[in-house]
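Chemist: Mind looking over this structure? Questions follow.
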Amino acid sequence: MADVVIDPSDYFAALDAPETLATKADGPDGKLPLSDEILRSWTSGDLFGLTQSVGMGFDPRRVLGDQYLILSTQGGVRNPDGTPQALGYHTGHWEVGLLGQAAAEQIERDGGVPFAAFVSDPCDGRTQGTHGMFDSLPYRNDAAIVMRRLIRSLPRRKGVIGIATCDKGLPAMMMALAGTGHLANVLVPGGVTLPPTVGEDAGKVQTIGARYSRGEMTLEEASVAGCKACGTPGGGCQFLGTAATSQVIAEALGMTVPHAALAPSGQPIWTRLARDAAATAAAMHASGLSLHDVLTDKAFENAMLMHAAVGGSTNLLLHIPAVAAAAGRRRPTADDFRRINQSVPRFVDCLPNGPVGHPTVRLFLAGGVPEVAWHLREAGLWNSDEKTVAGMTWNELLDKWQNSERREVCRERLRAADGVDPDEVILPPAIAKERGLTSTVCFPSGNLCPEGSVIKATSIDPTVIDADGVYRKRGRARVFSKESDAIAAVKGQSEKPIEAGDVIVLIGRGPIGCGMEETYQITSALKYLSFGKHVALVTDARFSGVSTGACVGHVGPEALAGGPIGRVRDGDTVEIIIDRNTLDGRVDLVATIDGTDPIEALQTRPIAEGLDRDENIPDDTRLWAALQQVGGGSWGGCTYDVDKIIETLNAGQAALAAQNSETSHQQASAR
């Protein structure tokens, strides 16, 4: 196809017949159904809103119905046949417009007036290893702010149907709905993409570069695998990473209709969820139920219980507290997660965890969140009196679920289609324990992480766990301050490649350094390279929800905040001990390359030479890092505590004023 080139000589020539350029139009037919009371009491904005609605073509006879906002993360432009006119960033927002359409049809069917707005989201997979990752976590806060502003900017809305799927768009939507919880708000998870009939899942396929570079797959194999991983064009990835875990947590919080998380995108059961959600929002409004009634402190405890049971992404340690803060509830702490993980065993076998690692659609068909919640209730580990947006308590919901046709049909379909017993995906807890499934999250301390750290203990390769259930690792530190240098060493493309036995120490990648990037290209490579299970990673960055292995993240304080991790040197010896039975763990510097006492070294060494804020960090992200640090940092959910921020600014301004006054006084005295 020839390139389109603008020729200045004819660019300003008439492009159409002059008579096709209209200068006025008749306007909509009919009249607004106004009344004396409306004209006297409504604001000019509310009245002009009616004018705008019919101006867009809405039937003026129906314009006074209850207004509901359909807010989604839709991205891309689809042709009527579903093919792409313009690509979205990822499959997770590619088809959600179909959910919005289904919700709108239901709102109209119920006599309401549907509105739709969009705040699209980035793809963490697409930005792995790039500077785009510096905007990933900060985006969540920005999007939640914009979404809340959009909700408030439709003054007569009765509720919001929030539709989102993936890693940051869905937590942002949860925060936005929670922050406007006085409304009849319902969340619609965008579902999951199907795995390919033959091929790799979307997590493993992200390692084709590392495996090819190490000679562990051919160019042809990489090319085919990279093409086939997304079996269908919509939905979140097929593993229980951040996107899928967020869907599960939203349902556990009671924010969705029952059995909503992880539905197969694009299929009738998925579309029905949007219609049911729209009907539920109308029923909530009619009954006086709001999302605030659902999002209680006990609901957030349910979210943590569900997170532990399914073996969810460690990123939810950032998102659950942020949603709680938006709802005006107590923010769960690391101690809360620790307590719950010590009492709740994992009994879901889903990617990226094992032992089999089923794709997420199988978790949905096996019964999804209701099935897991039922097992937790049976064990006395579920707050069953909490309400859901469906108007039922969990007790009422689970009583109906166990003998429902929906449960029977879904579980039988899993047997027939994939030959999989549902109880092999959601295992009875006693059997899960016999199979060696362990609790999810451990929070190691130690002289390298005095404020704590996080490891997904359940996903350490079982072949490197000692017989007593303890992971023990002592290895040579390989220190990097840039992820690109670390991945080059992992790929064998550096002067000193990573070897079995090494401990990668990646520093300066926390909120201050670069916005707390994900390091999945490293963790995924370690999982799928033949020697990778014999390498550990310790970092002040965070991990993708699909990360597995002996990977310790969220190390605090981060290196650029003076954390001791910034004083480790290449060739030092680092020891990691993770007890998967008690969920106790430590990460320590135990020997130094120069023979200095380790404790003395961590106290007296300067931070690593050249370590500084990444030169490519955007100013927007620097501002986010400063604001969230005042609000409690990553252990507080990386959210904004407005009162503390204002208090800090006022104190800073007062201190500067006092400093300026003292300087002026000294200058005057000198004269």
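Each chain in the structure tokens gets a letter, A, B and so on, in the order shown; residues start at 1 in every chain, and ligands are counted from 1 in the order they appear.
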In region 190-401 of chain A, what's alpha helix (DSSP H) per DSSP? Answer as a PyMOL selection string?
Modeler: chain A and resi 208-213+219-228+242-252+268-287+291-294+297-310+316-327+334-343+360-365+368-378+394-401
Chemist: Please run DSSP on the backbone and report, as an MDAnalysis selection string, all residues within region 478-586 of chain A that come out as strand (DSSP E).
Modeler: chainID A and resid 478:480 503:506 536:539 551:556 573:579 584:586
Chemist: Tell me, as number ranges by chain, which residues lie within 9 Å of Val248 (chain A), counting only C-alpha atoms; anything in the same chain fewer than 5 positions away does not count.
Modeler: A: 189, 243, 253, 260-262, 303, 306-307, 310, 312, 368-369
Chemist: Considering only C-alpha atoms, state which residue in the set A:Leu351, A:Ala281, A:Leu137, A:Val5 is at the smallest distance from Ala625 (chain A).
Modeler: A:Leu137
Chemist: Please provide as an mmCIF file with all heavy atoms, in the first residue's frame all residues within 9 Å of region 403-417 of chain A, with the sequence filter that same-chain residues fewer than 6 positions apart are discarded (counting only C-alpha atoms).
Modeler:
```
data_model
loop_
_atom_site.group_PDB
_atom_site.id
_atom_site.type_symbol
_atom_site.label_atom_id
_atom_site.label_comp_id
_atom_site.auth_asym_id
_atom_site.auth_seq_id
_atom_site.Cartn_x
_atom_site.Cartn_y
_atom_site.Cartn_z
ATOM 1 N N ARG A 362 -10.796 -23.285 34.535
ATOM 2 C CA ARG A 362 -11.148 -24.508 35.274
ATOM 3 C C ARG A 362 -11.526 -24.182 36.717
ATOM 4 O O ARG A 362 -12.393 -24.858 37.295
ATOM 5 C CB ARG A 362 -9.993 -25.502 35.230
ATOM 6 C CG ARG A 362 -9.750 -26.092 33.850
ATOM 7 C CD ARG A 362 -8.633 -27.127 33.867
ATOM 8 N NE ARG A 362 -8.360 -27.644 32.529
ATOM 9 C CZ ARG A 362 -7.353 -28.438 32.226
ATOM 10 N NH1 ARG A 362 -6.487 -28.796 33.189
ATOM 11 N NH2 ARG A 362 -7.173 -28.866 30.993
ATOM 12 N N PHE A 364 -13.076 -21.483 37.590
ATOM 13 C CA PHE A 364 -14.458 -20.998 37.453
ATOM 14 C C PHE A 364 -15.428 -22.170 37.342
ATOM 15 O O PHE A 364 -16.446 -22.222 38.048
ATOM 16 C CB PHE A 364 -14.569 -20.103 36.218
ATOM 17 C CG PHE A 364 -15.966 -19.657 35.897
ATOM 18 C CD1 PHE A 364 -16.560 -18.619 36.596
ATOM 19 C CD2 PHE A 364 -16.698 -20.284 34.894
ATOM 20 C CE1 PHE A 364 -17.855 -18.206 36.299
ATOM 21 C CE2 PHE A 364 -17.982 -19.880 34.579
ATOM 22 C CZ PHE A 364 -18.573 -18.835 35.293
ATOM 23 N N LEU A 365 -15.118 -23.131 36.461
ATOM 24 C CA LEU A 365 -16.030 -24.251 36.246
ATOM 25 C C LEU A 365 -16.099 -25.174 37.466
ATOM 26 O O LEU A 365 -17.148 -25.784 37.731
ATOM 27 C CB LEU A 365 -15.597 -25.046 35.016
ATOM 28 C CG LEU A 365 -15.772 -24.332 33.672
ATOM 29 C CD1 LEU A 365 -15.163 -25.153 32.537
ATOM 30 C CD2 LEU A 365 -17.237 -24.038 33.385
ATOM 31 N N ALA A 366 -15.027 -25.253 38.219
ATOM 32 C CA ALA A 366 -15.026 -26.087 39.425
ATOM 33 C C ALA A 366 -15.869 -25.481 40.546
ATOM 34 O O ALA A 366 -16.111 -26.148 41.558
ATOM 35 C CB ALA A 366 -13.595 -26.298 39.909
ATOM 36 N N GLY A 367 -16.311 -24.264 40.357
ATOM 37 C CA GLY A 367 -17.171 -23.618 41.344
ATOM 38 C C GLY A 367 -16.719 -22.248 41.762
ATOM 39 O O GLY A 367 -17.463 -21.511 42.418
ATOM 40 N N GLU A 371 -17.514 -21.914 45.677
ATOM 41 C CA GLU A 371 -17.049 -23.236 46.106
ATOM 42 C C GLU A 371 -15.933 -23.109 47.148
ATOM 43 O O GLU A 371 -15.915 -23.829 48.158
ATOM 44 C CB GLU A 371 -16.546 -24.033 44.905
ATOM 45 C CG GLU A 371 -16.330 -25.512 45.170
ATOM 46 C CD GLU A 371 -17.626 -26.312 45.240
ATOM 47 O OE1 GLU A 371 -18.700 -25.774 44.883
ATOM 48 O OE2 GLU A 371 -17.557 -27.494 45.669
#
```
Chemist: Using only C-alpha atoms, find each residue of region 281-369 of chain A with at least one atom at most 12 Å away from an atom of region 150-160 of chain A; report its shortest atom-to-atom pair and that distance in Å (one decimal), sort the rows by chain and rising residue number, and return the result as a Markdown table.
Modeler:
```
| residue | atom | partner | partner_atom | distance |
| --- | --- | --- | --- | --- |
| A:Ala281 | CA | A:Gly159 | CA | 6.3 |
| A:Ala282 | CA | A:Gly159 | CA | 7.8 |
| A:Ala283 | CA | A:Gly159 | CA | 10.4 |
| A:Met284 | CA | A:Gly159 | CA | 8.7 |
| A:His285 | CA | A:Lys158 | CA | 6.7 |
| A:Ala286 | CA | A:Lys158 | CA | 9.7 |
| A:Gly288 | CA | A:Lys158 | CA | 10.6 |
| A:Leu289 | CA | A:Gly159 | CA | 10.7 |
| A:Ser290 | CA | A:Gly159 | CA | 8.7 |
| A:Leu291 | CA | A:Gly159 | CA | 9.4 |
```
Chemist: Since we have the selection now, will you write its residues out, keeping N, CA and C atoms, as an mmCIF file, in the first residue's frame?
Modeler:
```cif
data_model
loop_
_atom_site.group_PDB
_atom_site.id
_atom_site.type_symbol
_atom_site.label_atom_id
_atom_site.label_comp_id
_atom_site.auth_asym_id
_atom_site.auth_seq_id
_atom_site.Cartn_x
_atom_site.Cartn_y
_atom_site.Cartn_z
ATOM 1 N N ALA A 281 -27.921 -3.749 40.531
ATOM 2 C CA ALA A 281 -27.770 -2.350 40.939
ATOM 3 C C ALA A 281 -29.136 -1.693 41.123
ATOM 4 N N ALA A 282 -30.071 -1.963 40.199
ATOM 5 C CA ALA A 282 -31.422 -1.398 40.327
ATOM 6 C C ALA A 282 -32.120 -1.932 41.568
ATOM 7 N N ALA A 283 -31.951 -3.220 41.846
ATOM 8 C CA ALA A 283 -32.565 -3.813 43.036
ATOM 9 C C ALA A 283 -31.949 -3.238 44.312
ATOM 10 N N MET A 284 -30.635 -3.011 44.293
ATOM 11 C CA MET A 284 -29.981 -2.391 45.450
ATOM 12 C C MET A 284 -30.564 -1.017 45.725
ATOM 13 N N HIS A 285 -30.691 -0.219 44.681
ATOM 14 C CA HIS A 285 -31.236 1.129 44.859
ATOM 15 C C HIS A 285 -32.664 1.078 45.394
ATOM 16 N N ALA A 286 -33.460 0.173 44.841
ATOM 17 C CA ALA A 286 -34.857 0.068 45.273
ATOM 18 C C ALA A 286 -34.971 -0.342 46.736
ATOM 19 N N GLY A 288 -32.603 0.196 49.051
ATOM 20 C CA GLY A 288 -31.829 1.058 49.935
ATOM 21 C C GLY A 288 -30.475 0.492 50.313
ATOM 22 N N LEU A 289 -30.058 -0.592 49.651
ATOM 23 C CA LEU A 289 -28.747 -1.190 49.929
ATOM 24 C C LEU A 289 -27.674 -0.451 49.138
ATOM 25 N N SER A 290 -26.560 -0.146 49.763
ATOM 26 C CA SER A 290 -25.440 0.496 49.081
ATOM 27 C C SER A 290 -24.200 -0.369 49.222
ATOM 28 N N LEU A 291 -23.174 -0.059 48.423
ATOM 29 C CA LEU A 291 -21.934 -0.820 48.513
ATOM 30 C C LEU A 291 -21.278 -0.623 49.882
#
```
Chemist: Write out as an MDAnalysis selection string each polymer residue whose atoms come within 10 Å of region 458-471 of chain A, counting only C-alpha atoms; drop sequence neighbours fewer than 2 positions from it.
Modeler: chainID A and resid 308 311:312 345:346 351:355 436:442 455:456 473 527 532:534 536 546:551 576:585
